[in-house]
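Undergrad: Just dropping this structure here.
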Amino acid sequence: MKPTILLYDSGMGGLTVYDSIRESLPNAHYLYCFDNAYFPYSEKSENVVIERASMIVQKIAQNYPVDIVVVACNTASTVVLPALRERFRMPIVGTVPAIKPAAEKSVNHHIGLLATKGTVQRSYVANLIEQYASHCIVEKLGSTKLVEIAEQKLHGKTVDLFALKEELSPWQQIQTLDTVVLGCTHFPLLKEEIKSCLPQVKHFVDSGKAIASRVQYLLDNLQIKPNHSEENLIFCTKSFDDQDKLLNILALWGFSHLCELSELN
Ligand code: DGL
């Protein structure tokens with residue numbers, strides 16, 4: 001039986017997590033929700049982000065046999081996991097910055113956390129740093145602009161390299177910075193561009209593979225719900241202006257339908 005995996009993010013970023021999961025579970029049934037009405041999450045209040053998470057999971061889980069939920073967004077995961085786990089019975093997997101592997105990889109013990117403005121200031125992240133990277137210098141850079149640039153790139157727009165460079169300028173002169181955590185699921189979409197602005201950085205680390213193995217492990221130990229739908233579906237919380245173009249792009253990811261969440265019961 002095919003497991004049904006629901007992923008959600010404010011936008012396209014969660015597709016990087018979806019890619020990693022799909023590599024190990026190519027035949028699962030995928031549901032993906034863009035909370036584009038609230039994009040970007042970066043500077044939204046914690047309460048808003050928690051309310052959105054509950055609403056999205058509730059709405060989709062009452063219409064589809066969701067076996068597992070993946071919060072494919074660091075900004076949300078650093079606040080919504082306790083509320084979701086209290087409210088829903090299926091396993092909830094979060095995406096949080098890969099501080100531990102980055103601290104292990106860094107030869108200079110000097111790492112950077114590149115994430116949204118919200119993520120860099122969460123206590124969840126401060127705890128991760130204290131727990132796994134207390135022997136490192138940890139630079140934090142929170143950016144909403146980079147999220148917007150990545151989102152635009154996936155909508156087919158050219159990347160504004162000048163703006164990208166400007167955002168990363170606080171780190172350009174830090175020569176000992178050898179490892180950077182891509183602590184926002186949008187940022188692997190800009191990995192090559194980010195690399196070109198930070199030539200001193202040897203390793204860029206994201207959480208995709210770790211999440212994929214967590215999902216695989218949980219599914220191996222789960223009783224899968226019967227599922228009658230074959231197609232991978234995309235939901236959004238507001239209609240897109242470039243809907244037709246977007247559908248062509250999403251087809252490359254194996255999605256054929258885009259439906260507004262408000263159309264569900
Ligand atoms: N992709 C998200 C993350 O991992 C959210 C970006 C945003 O909406 O600000 O943080």
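Residues are named by chain letter and number: chains run A, B, ... in the order of the structure tokens, numbers start at 1 in each chain, and ligands are numbered from 1 in the order shown.
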What lies within 10 Å of range 40-50 of chain A using only C-alpha atoms, ignoring chain neighbours under 3 positions off, as a VMD selection string?

TA: chain A and resid 9 to 11 35 to 37 53 to 55 73 to 84 115 to 120 122 142 to 145 147 to 148 151 184

Undergrad: Could you save those same residues with C-alpha atoms as an mmCIF file, in the first residue's frame?

TA:
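The new file result-v6.cif reads:
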data_model
loop_
_atom_site.group_PDB
_atom_site.id
_atom_site.type_symbol
_atom_site.label_atom_id
_atom_site.label_comp_id
_atom_site.auth_asym_id
_atom_site.auth_seq_id
_atom_site.Cartn_x
_atom_site.Cartn_y
_atom_site.Cartn_z
ATOM 1 C CA ASP A 9 5.749 25.239 3.375
ATOM 2 C CA SER A 10 4.998 28.895 2.732
ATOM 3 C CA GLY A 11 6.180 28.353 -0.854
ATOM 4 C CA ASP A 35 0.709 28.546 2.183
ATOM 5 C CA ASN A 36 1.215 31.269 -0.396
ATOM 6 C CA ALA A 37 -1.420 33.527 1.190
ATOM 7 C CA ALA A 53 0.030 24.877 10.525
ATOM 8 C CA SER A 54 -3.025 23.604 12.408
ATOM 9 C CA MET A 55 -5.429 24.859 9.754
ATOM 10 C CA CYS A 73 9.924 24.677 6.584
ATOM 11 C CA ASN A 74 12.445 25.626 9.253
ATOM 12 C CA THR A 75 10.674 28.834 10.229
ATOM 13 C CA ALA A 76 7.529 26.868 11.042
ATOM 14 C CA SER A 77 9.217 23.772 12.482
ATOM 15 C CA THR A 78 11.055 25.776 15.122
ATOM 16 C CA VAL A 79 7.652 26.725 16.650
ATOM 17 C CA VAL A 80 4.761 24.531 15.481
ATOM 18 C CA LEU A 81 5.847 20.982 16.348
ATOM 19 C CA PRO A 82 4.493 20.803 19.943
ATOM 20 C CA ALA A 83 1.088 22.209 18.867
ATOM 21 C CA LEU A 84 0.773 19.844 15.896
ATOM 22 C CA ALA A 115 18.029 31.168 7.657
ATOM 23 C CA THR A 116 14.993 33.418 7.840
ATOM 24 C CA LYS A 117 14.746 36.345 10.244
ATOM 25 C CA GLY A 118 12.344 34.315 12.375
ATOM 26 C CA THR A 119 14.469 31.160 12.531
ATOM 27 C CA VAL A 120 17.715 32.865 13.597
ATOM 28 C CA ARG A 122 14.128 31.270 17.902
ATOM 29 C CA GLY A 142 18.541 36.104 8.842
ATOM 30 C CA SER A 143 17.176 37.124 5.462
ATOM 31 C CA THR A 144 13.711 37.480 3.983
ATOM 32 C CA LYS A 145 15.099 38.776 0.710
ATOM 33 C CA VAL A 147 13.581 33.605 0.437
ATOM 34 C CA GLU A 148 11.905 35.923 -2.060
ATOM 35 C CA GLU A 151 10.766 31.718 -4.700
ATOM 36 C CA CYS A 184 15.722 27.533 5.235
#

Undergrad: Could you pull out the strand (DSSP E or B) residues of range 140-251 of chain A, going by DSSP on the backbone, and write them as a list in words?

TA: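 Here is the list: Lys140, Leu141, Gly142, Thr179, Val180, Val181, Leu182, His203, Phe204, Val205, Leu233, Ile234, Phe235 and Cys236 of chain A.
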
Undergrad: For N, CA and C atoms, I'd like the residues from the last selection saved as a PDB file, in the first residue's frame.

TA:
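So the final result, stored in result-v3.pdb, reads:
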ATOM      1  N   LYS A 140      25.127  34.177  12.616  1.00  0.00           N
ATOM      2  CA  LYS A 140      23.732  34.001  12.196  1.00  0.00           C
ATOM      3  C   LYS A 140      23.367  35.109  11.218  1.00  0.00           C
ATOM      4  N   LEU A 141      22.760  34.709  10.123  1.00  0.00           N
ATOM      5  CA  LEU A 141      22.310  35.707   9.147  1.00  0.00           C
ATOM      6  C   LEU A 141      20.861  35.384   8.778  1.00  0.00           C
ATOM      7  N   GLY A 142      19.964  36.306   9.140  1.00  0.00           N
ATOM      8  CA  GLY A 142      18.541  36.104   8.842  1.00  0.00           C
ATOM      9  C   GLY A 142      18.145  36.960   7.652  1.00  0.00           C
ATOM     10  N   THR A 179      31.909  26.466   6.979  1.00  0.00           N
ATOM     11  CA  THR A 179      30.710  25.625   6.839  1.00  0.00           C
ATOM     12  C   THR A 179      29.461  26.472   7.041  1.00  0.00           C
ATOM     13  N   VAL A 180      28.514  26.337   6.141  1.00  0.00           N
ATOM     14  CA  VAL A 180      27.275  27.112   6.257  1.00  0.00           C
ATOM     15  C   VAL A 180      26.068  26.173   6.271  1.00  0.00           C
ATOM     16  N   VAL A 181      25.187  26.415   7.236  1.00  0.00           N
ATOM     17  CA  VAL A 181      23.937  25.660   7.322  1.00  0.00           C
ATOM     18  C   VAL A 181      22.898  26.383   6.476  1.00  0.00           C
ATOM     19  N   LEU A 182      22.344  25.707   5.490  1.00  0.00           N
ATOM     20  CA  LEU A 182      21.234  26.285   4.726  1.00  0.00           C
ATOM     21  C   LEU A 182      19.978  26.002   5.552  1.00  0.00           C
ATOM     22  N   HIS A 203      31.744  23.742   2.975  1.00  0.00           N
ATOM     23  CA  HIS A 203      30.582  22.851   3.069  1.00  0.00           C
ATOM     24  C   HIS A 203      29.290  23.639   3.248  1.00  0.00           C
ATOM     25  N   PHE A 204      28.280  23.253   2.481  1.00  0.00           N
ATOM     26  CA  PHE A 204      26.931  23.782   2.682  1.00  0.00           C
ATOM     27  C   PHE A 204      26.081  22.594   3.116  1.00  0.00           C
ATOM     28  N   VAL A 205      25.410  22.742   4.256  1.00  0.00           N
ATOM     29  CA  VAL A 205      24.713  21.595   4.824  1.00  0.00           C
ATOM     30  C   VAL A 205      23.221  21.895   4.927  1.00  0.00           C
ATOM     31  N   LEU A 233      -0.809  15.571  -5.389  1.00  0.00           N
ATOM     32  CA  LEU A 233      -1.608  16.793  -5.485  1.00  0.00           C
ATOM     33  C   LEU A 233      -0.932  17.983  -4.815  1.00  0.00           C
ATOM     34  N   ILE A 234      -1.162  19.147  -5.404  1.00  0.00           N
ATOM     35  CA  ILE A 234      -0.645  20.392  -4.827  1.00  0.00           C
ATOM     36  C   ILE A 234      -1.832  21.241  -4.384  1.00  0.00           C
ATOM     37  N   PHE A 235      -1.706  21.833  -3.209  1.00  0.00           N
ATOM     38  CA  PHE A 235      -2.723  22.766  -2.722  1.00  0.00           C
ATOM     39  C   PHE A 235      -2.073  24.127  -2.528  1.00  0.00           C
ATOM     40  N   CYS A 236      -2.887  25.171  -2.654  1.00  0.00           N
ATOM     41  CA  CYS A 236      -2.370  26.499  -2.335  1.00  0.00           C
ATOM     42  C   CYS A 236      -3.436  27.201  -1.498  1.00  0.00           C
TER      43      CYS A 236
END

Undergrad: Using DSSP assignments from the backbone, pull out every residue in range 49-191 of chain A that falls under helix (DSSP H, G or I) and give it to me as a PyMOL selection string.

TA: chain A and resi 49-61+74-87+99-105+117-120+123-132+145-154+161-172+187-191

Undergrad: Do a neighbour search on range 100-103 of chain A at 10 Å with only C-alpha atoms, toss out local chain neighbours closer than 2 positions, and write the hits as a PyMOL selection string.

TA: chain A and resi 97-98+105-113+128-129+131-138+178-182+203-207

Undergrad: Filtering to N, CA, C and O atoms, could you give me those residues as a short mmCIF file (atom, residue, chain, number, x, y, z; two decimals), in the first residue's frame?

TA:
data_model
loop_
_atom_site.label_atom_id
_atom_site.label_comp_id
_atom_site.auth_asym_id
_atom_site.auth_seq_id
_atom_site.Cartn_x
_atom_site.Cartn_y
_atom_site.Cartn_z
N PRO A 97 17.33 23.46 11.38
CA PRO A 97 18.67 23.69 10.83
C PRO A 97 19.67 22.60 11.25
O PRO A 97 19.71 22.20 12.42
N ALA A 98 20.49 22.19 10.28
CA ALA A 98 21.45 21.09 10.49
C ALA A 98 22.70 21.57 11.23
O ALA A 98 23.82 21.49 10.73
N LYS A 105 31.41 18.99 10.77
CA LYS A 105 32.19 19.14 9.52
C LYS A 105 33.23 20.26 9.58
O LYS A 105 34.24 20.20 8.90
N SER A 106 32.93 21.30 10.36
CA SER A 106 33.78 22.49 10.31
C SER A 106 35.17 22.24 10.90
O SER A 106 35.31 21.91 12.08
N VAL A 107 36.18 22.45 10.09
CA VAL A 107 37.56 22.26 10.55
C VAL A 107 37.97 23.45 11.42
O VAL A 107 38.63 23.31 12.45
N ASN A 108 37.52 24.64 11.04
CA ASN A 108 37.89 25.85 11.79
C ASN A 108 37.00 26.10 12.99
O ASN A 108 37.17 27.09 13.69
N HIS A 109 36.00 25.25 13.19
CA HIS A 109 35.01 25.47 14.25
C HIS A 109 34.38 26.85 14.12
O HIS A 109 34.23 27.58 15.10
N HIS A 110 34.07 27.18 12.90
CA HIS A 110 33.45 28.48 12.61
C HIS A 110 32.36 28.24 11.58
O HIS A 110 32.65 27.96 10.41
N ILE A 111 31.12 28.30 12.02
CA ILE A 111 30.01 27.97 11.11
C ILE A 111 29.03 29.14 10.99
O ILE A 111 29.02 30.05 11.83
N GLY A 112 28.25 29.11 9.92
CA GLY A 112 27.26 30.16 9.72
C GLY A 112 25.87 29.55 9.59
O GLY A 112 25.72 28.50 8.95
N LEU A 113 24.90 30.18 10.21
CA LEU A 113 23.51 29.74 10.03
C LEU A 113 22.82 30.76 9.13
O LEU A 113 22.62 31.92 9.53
N LEU A 128 19.76 24.36 20.01
CA LEU A 128 20.53 23.48 19.13
C LEU A 128 22.00 23.87 19.13
O LEU A 128 22.89 23.03 19.20
N ILE A 129 22.24 25.18 19.09
CA ILE A 129 23.62 25.68 19.06
C ILE A 129 24.33 25.33 20.37
O ILE A 129 25.45 24.84 20.38
N GLN A 131 23.60 22.95 22.41
CA GLN A 131 23.76 21.50 22.55
C GLN A 131 24.86 20.92 21.63
O GLN A 131 25.61 20.05 22.04
N TYR A 132 24.90 21.41 20.38
CA TYR A 132 25.78 20.74 19.41
C TYR A 132 26.94 21.58 18.89
O TYR A 132 27.83 21.03 18.22
N ALA A 133 26.93 22.87 19.14
CA ALA A 133 27.97 23.68 18.53
C ALA A 133 28.61 24.65 19.53
O ALA A 133 29.11 25.71 19.16
N SER A 134 28.62 24.25 20.80
CA SER A 134 29.14 25.18 21.81
C SER A 134 30.66 25.38 21.63
O SER A 134 31.22 26.36 22.12
N HIS A 135 31.32 24.46 20.91
CA HIS A 135 32.76 24.60 20.67
C HIS A 135 33.04 25.42 19.40
O HIS A 135 34.20 25.54 18.98
N CYS A 136 31.99 25.95 18.77
CA CYS A 136 32.17 26.68 17.51
C CYS A 136 31.78 28.15 17.66
O CYS A 136 30.95 28.49 18.51
N ILE A 137 32.34 28.98 16.79
CA ILE A 137 31.80 30.33 16.64
C ILE A 137 30.65 30.17 15.65
O ILE A 137 30.82 29.55 14.59
N VAL A 138 29.48 30.69 16.00
CA VAL A 138 28.32 30.53 15.10
C VAL A 138 27.83 31.91 14.66
O VAL A 138 27.38 32.72 15.48
N ASP A 178 34.00 28.21 7.36
CA ASP A 178 34.19 27.13 6.37
C ASP A 178 32.94 26.28 6.14
O ASP A 178 32.92 25.44 5.24
N THR A 179 31.91 26.47 6.98
CA THR A 179 30.71 25.62 6.84
C THR A 179 29.46 26.47 7.04
O THR A 179 29.39 27.24 8.00
N VAL A 180 28.51 26.34 6.14
CA VAL A 180 27.28 27.11 6.26
C VAL A 180 26.07 26.17 6.27
O VAL A 180 25.96 25.25 5.45
N VAL A 181 25.19 26.41 7.24
CA VAL A 181 23.94 25.66 7.32
C VAL A 181 22.90 26.38 6.48
O VAL A 181 22.61 27.57 6.73
N LEU A 182 22.34 25.71 5.49
CA LEU A 182 21.23 26.29 4.73
C LEU A 182 19.98 26.00 5.55
O LEU A 182 19.33 24.97 5.40
N HIS A 203 31.74 23.74 2.97
CA HIS A 203 30.58 22.85 3.07
C HIS A 203 29.29 23.64 3.25
O HIS A 203 29.23 24.55 4.08
N PHE A 204 28.28 23.25 2.48
CA PHE A 204 26.93 23.78 2.68
C PHE A 204 26.08 22.59 3.12
O PHE A 204 26.06 21.57 2.43
N VAL A 205 25.41 22.74 4.26
CA VAL A 205 24.71 21.59 4.82
C VAL A 205 23.22 21.90 4.93
O VAL A 205 22.83 22.98 5.38
N ASP A 206 22.39 20.95 4.47
CA ASP A 206 20.95 21.12 4.70
C ASP A 206 20.39 19.85 5.34
O ASP A 206 21.13 18.89 5.56
N SER A 207 19.10 19.85 5.64
CA SER A 207 18.54 18.74 6.42
C SER A 207 17.83 17.70 5.58
O SER A 207 17.26 16.74 6.13
#

Undergrad: CA of Tyr64 in chain A and CA of Leu264 in chain A, how far apart in Å?

TA: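 Calculated distance between CA of Leu264 in chain A and CA of Tyr64 in chain A is 10.2 Å.
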